[in-house]
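Peer 1: Pasting structure_17.txt below, which is compact mmCIF, C-alpha atoms.
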```
# COMPACT_ATOMS: atom_id res chain seq x y z
CA MET S 1 25.03 106.00 48.00
CA THR S 2 27.72 105.93 45.31
CA GLU S 3 30.41 106.30 47.95
CA GLU S 4 29.00 103.32 49.89
CA MET S 5 29.30 101.21 46.74
CA GLY S 6 32.89 102.28 46.15
CA PHE S 7 32.18 104.53 43.18
CA SER S 8 33.65 107.96 42.63
CA GLY S 9 32.02 110.68 44.72
CA SER S 10 31.35 112.91 41.70
CA GLY S 11 28.09 111.08 40.90
CA GLU S 12 29.54 109.98 37.55
CA TRP S 13 30.82 106.45 37.03
CA SER S 14 34.11 105.83 35.26
CA ALA S 15 34.30 103.36 32.36
CA ASP S 16 35.96 100.84 34.70
CA GLU S 17 33.13 101.16 37.23
CA TRP S 18 30.49 100.64 34.51
CA THR S 19 32.31 97.62 33.13
CA LYS S 20 32.69 96.04 36.57
CA GLU S 21 29.02 96.47 37.49
CA TRP S 22 27.55 95.45 34.13
CA THR S 23 29.75 92.42 33.38
CA ILE S 24 27.88 89.12 33.31
CA HIS S 25 30.29 86.42 34.47
CA VAL S 26 30.40 82.84 33.17
CA GLY S 27 29.62 80.41 35.99
CA LYS S 28 27.26 82.71 37.89
CA ALA S 29 24.28 80.62 39.03
CA TYR S 30 20.68 81.47 39.91
CA HIS S 31 17.87 79.44 41.47
CA CYS S 32 14.09 79.65 41.80
CA LEU S 33 12.77 79.71 45.35
CA LYS S 34 9.43 78.24 44.27
CA CYS S 35 10.35 75.21 42.11
CA GLY S 36 14.11 74.86 42.66
CA THR S 37 15.11 75.29 39.01
CA MET S 38 18.72 76.40 38.59
CA ALA S 39 20.31 78.36 35.73
CA MET S 40 23.97 79.09 35.07
CA VAL S 41 25.60 81.67 32.80
CA THR S 42 27.46 79.87 30.01
CA LYS S 43 28.36 82.88 27.87
CA GLY S 44 29.46 86.11 29.51
CA GLY S 45 28.95 89.63 28.31
CA VAL S 46 28.02 93.11 29.41
CA GLY S 47 24.48 94.11 30.29
CA VAL S 48 21.68 93.34 32.73
CA MET S 49 20.71 89.79 33.61
CA GLU S 50 17.49 89.23 35.51
CA PRO S 51 16.51 85.58 35.05
CA LYS S 52 12.90 84.75 35.93
CA CYS S 53 11.12 81.51 36.77
CA CYS S 54 7.59 80.86 38.04
CA GLY S 55 6.84 84.54 37.36
CA LYS S 56 9.47 85.83 39.83
CA ASN S 57 13.14 86.85 39.72
CA MET S 58 15.57 84.02 40.34
CA ILE S 59 17.99 84.41 43.26
CA PRO S 60 21.78 84.54 42.70
CA VAL S 61 23.52 81.50 44.21
CA GLU S 62 26.46 82.46 46.40
CA ARG S 63 27.43 78.93 47.48
CA PRO S 64 26.09 76.23 45.13
CA ASP S 65 26.67 73.44 47.67
CA ASP S 66 24.07 75.03 49.98
CA ILE S 67 21.24 74.65 47.42
CA ARG S 68 19.48 71.29 47.50
```
Since I need it in another form, could you write the structure as structure tokens?

Peer 2:
Amino acid sequence: MTEEMGFSGSGEWSADEWTKEWTIHVGKAYHCLKCGTMAMVTKGGVGVMEPKCCGKNMIPVERPDDIR
């Protein structure tokens, strides 16, 4: 599976791979499928972001113009 994701085949991630996967980018948007609430990252960082609304995970928005 690591090879499918573009990571080194040794099973160990490099520091660059960790940083790329764990970086939270400013401007990334999420929306709730149930109520339509939207959230946007306004301060980036490194870590895991799993926004929740209505008791469920929010969905990342790929194309904001498609959400209405």

Peer 1: By how many Å are CA of Gly47 (chain S) and CA of Cys35 (chain S) apart?

Peer 2: 26.4 Å

Peer 1: Is it possible to get the residues within 10 Å of (15.3, 82.0, 42.6) (coordinates as in the file, counting all atoms listed in the file) written as a compact mmCIF listing (two decimals) with C-alpha atoms, in the coordinates of the input?

Peer 2:
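Written out: out_29.txt:
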```
# COMPACT_ATOMS: atom_id res chain seq x y z
CA ALA S 29 24.28 80.62 39.03
CA TYR S 30 20.68 81.47 39.91
CA HIS S 31 17.87 79.44 41.47
CA CYS S 32 14.09 79.65 41.80
CA LEU S 33 12.77 79.71 45.35
CA LYS S 34 9.43 78.24 44.27
CA CYS S 35 10.35 75.21 42.11
CA GLY S 36 14.11 74.86 42.66
CA THR S 37 15.11 75.29 39.01
CA MET S 38 18.72 76.40 38.59
CA ALA S 39 20.31 78.36 35.73
CA PRO S 51 16.51 85.58 35.05
CA LYS S 52 12.90 84.75 35.93
CA CYS S 53 11.12 81.51 36.77
CA CYS S 54 7.59 80.86 38.04
CA LYS S 56 9.47 85.83 39.83
CA ASN S 57 13.14 86.85 39.72
CA MET S 58 15.57 84.02 40.34
CA ILE S 59 17.99 84.41 43.26
CA PRO S 60 21.78 84.54 42.70
CA VAL S 61 23.52 81.50 44.21
```

Peer 1: Write out as a list in words each polymer residue whose atoms come within 9 Å of region 23-25 of chain S, counting all atoms listed in the file; drop sequence neighbours fewer than 3 positions from it.

Peer 2: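 The filter keeps Trp18, Thr19, Lys20, Lys28, Val41, Thr42, Lys43, Gly44, Gly45, Val46, Gly47, Val48 and Met49 of chain S.
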
Peer 1: The centre and edge lengths of an axis-aligned box containing all atoms of region 15-26 of chain S present in the file, extended by 6 Å on each side, are to be given in Å to one decimal, as JSON.

Peer 2:
```
{"center_x": 31.8, "center_y": 93.1, "center_z": 34.9, "size_x": 20.4, "size_y": 32.5, "size_z": 17.1}
```
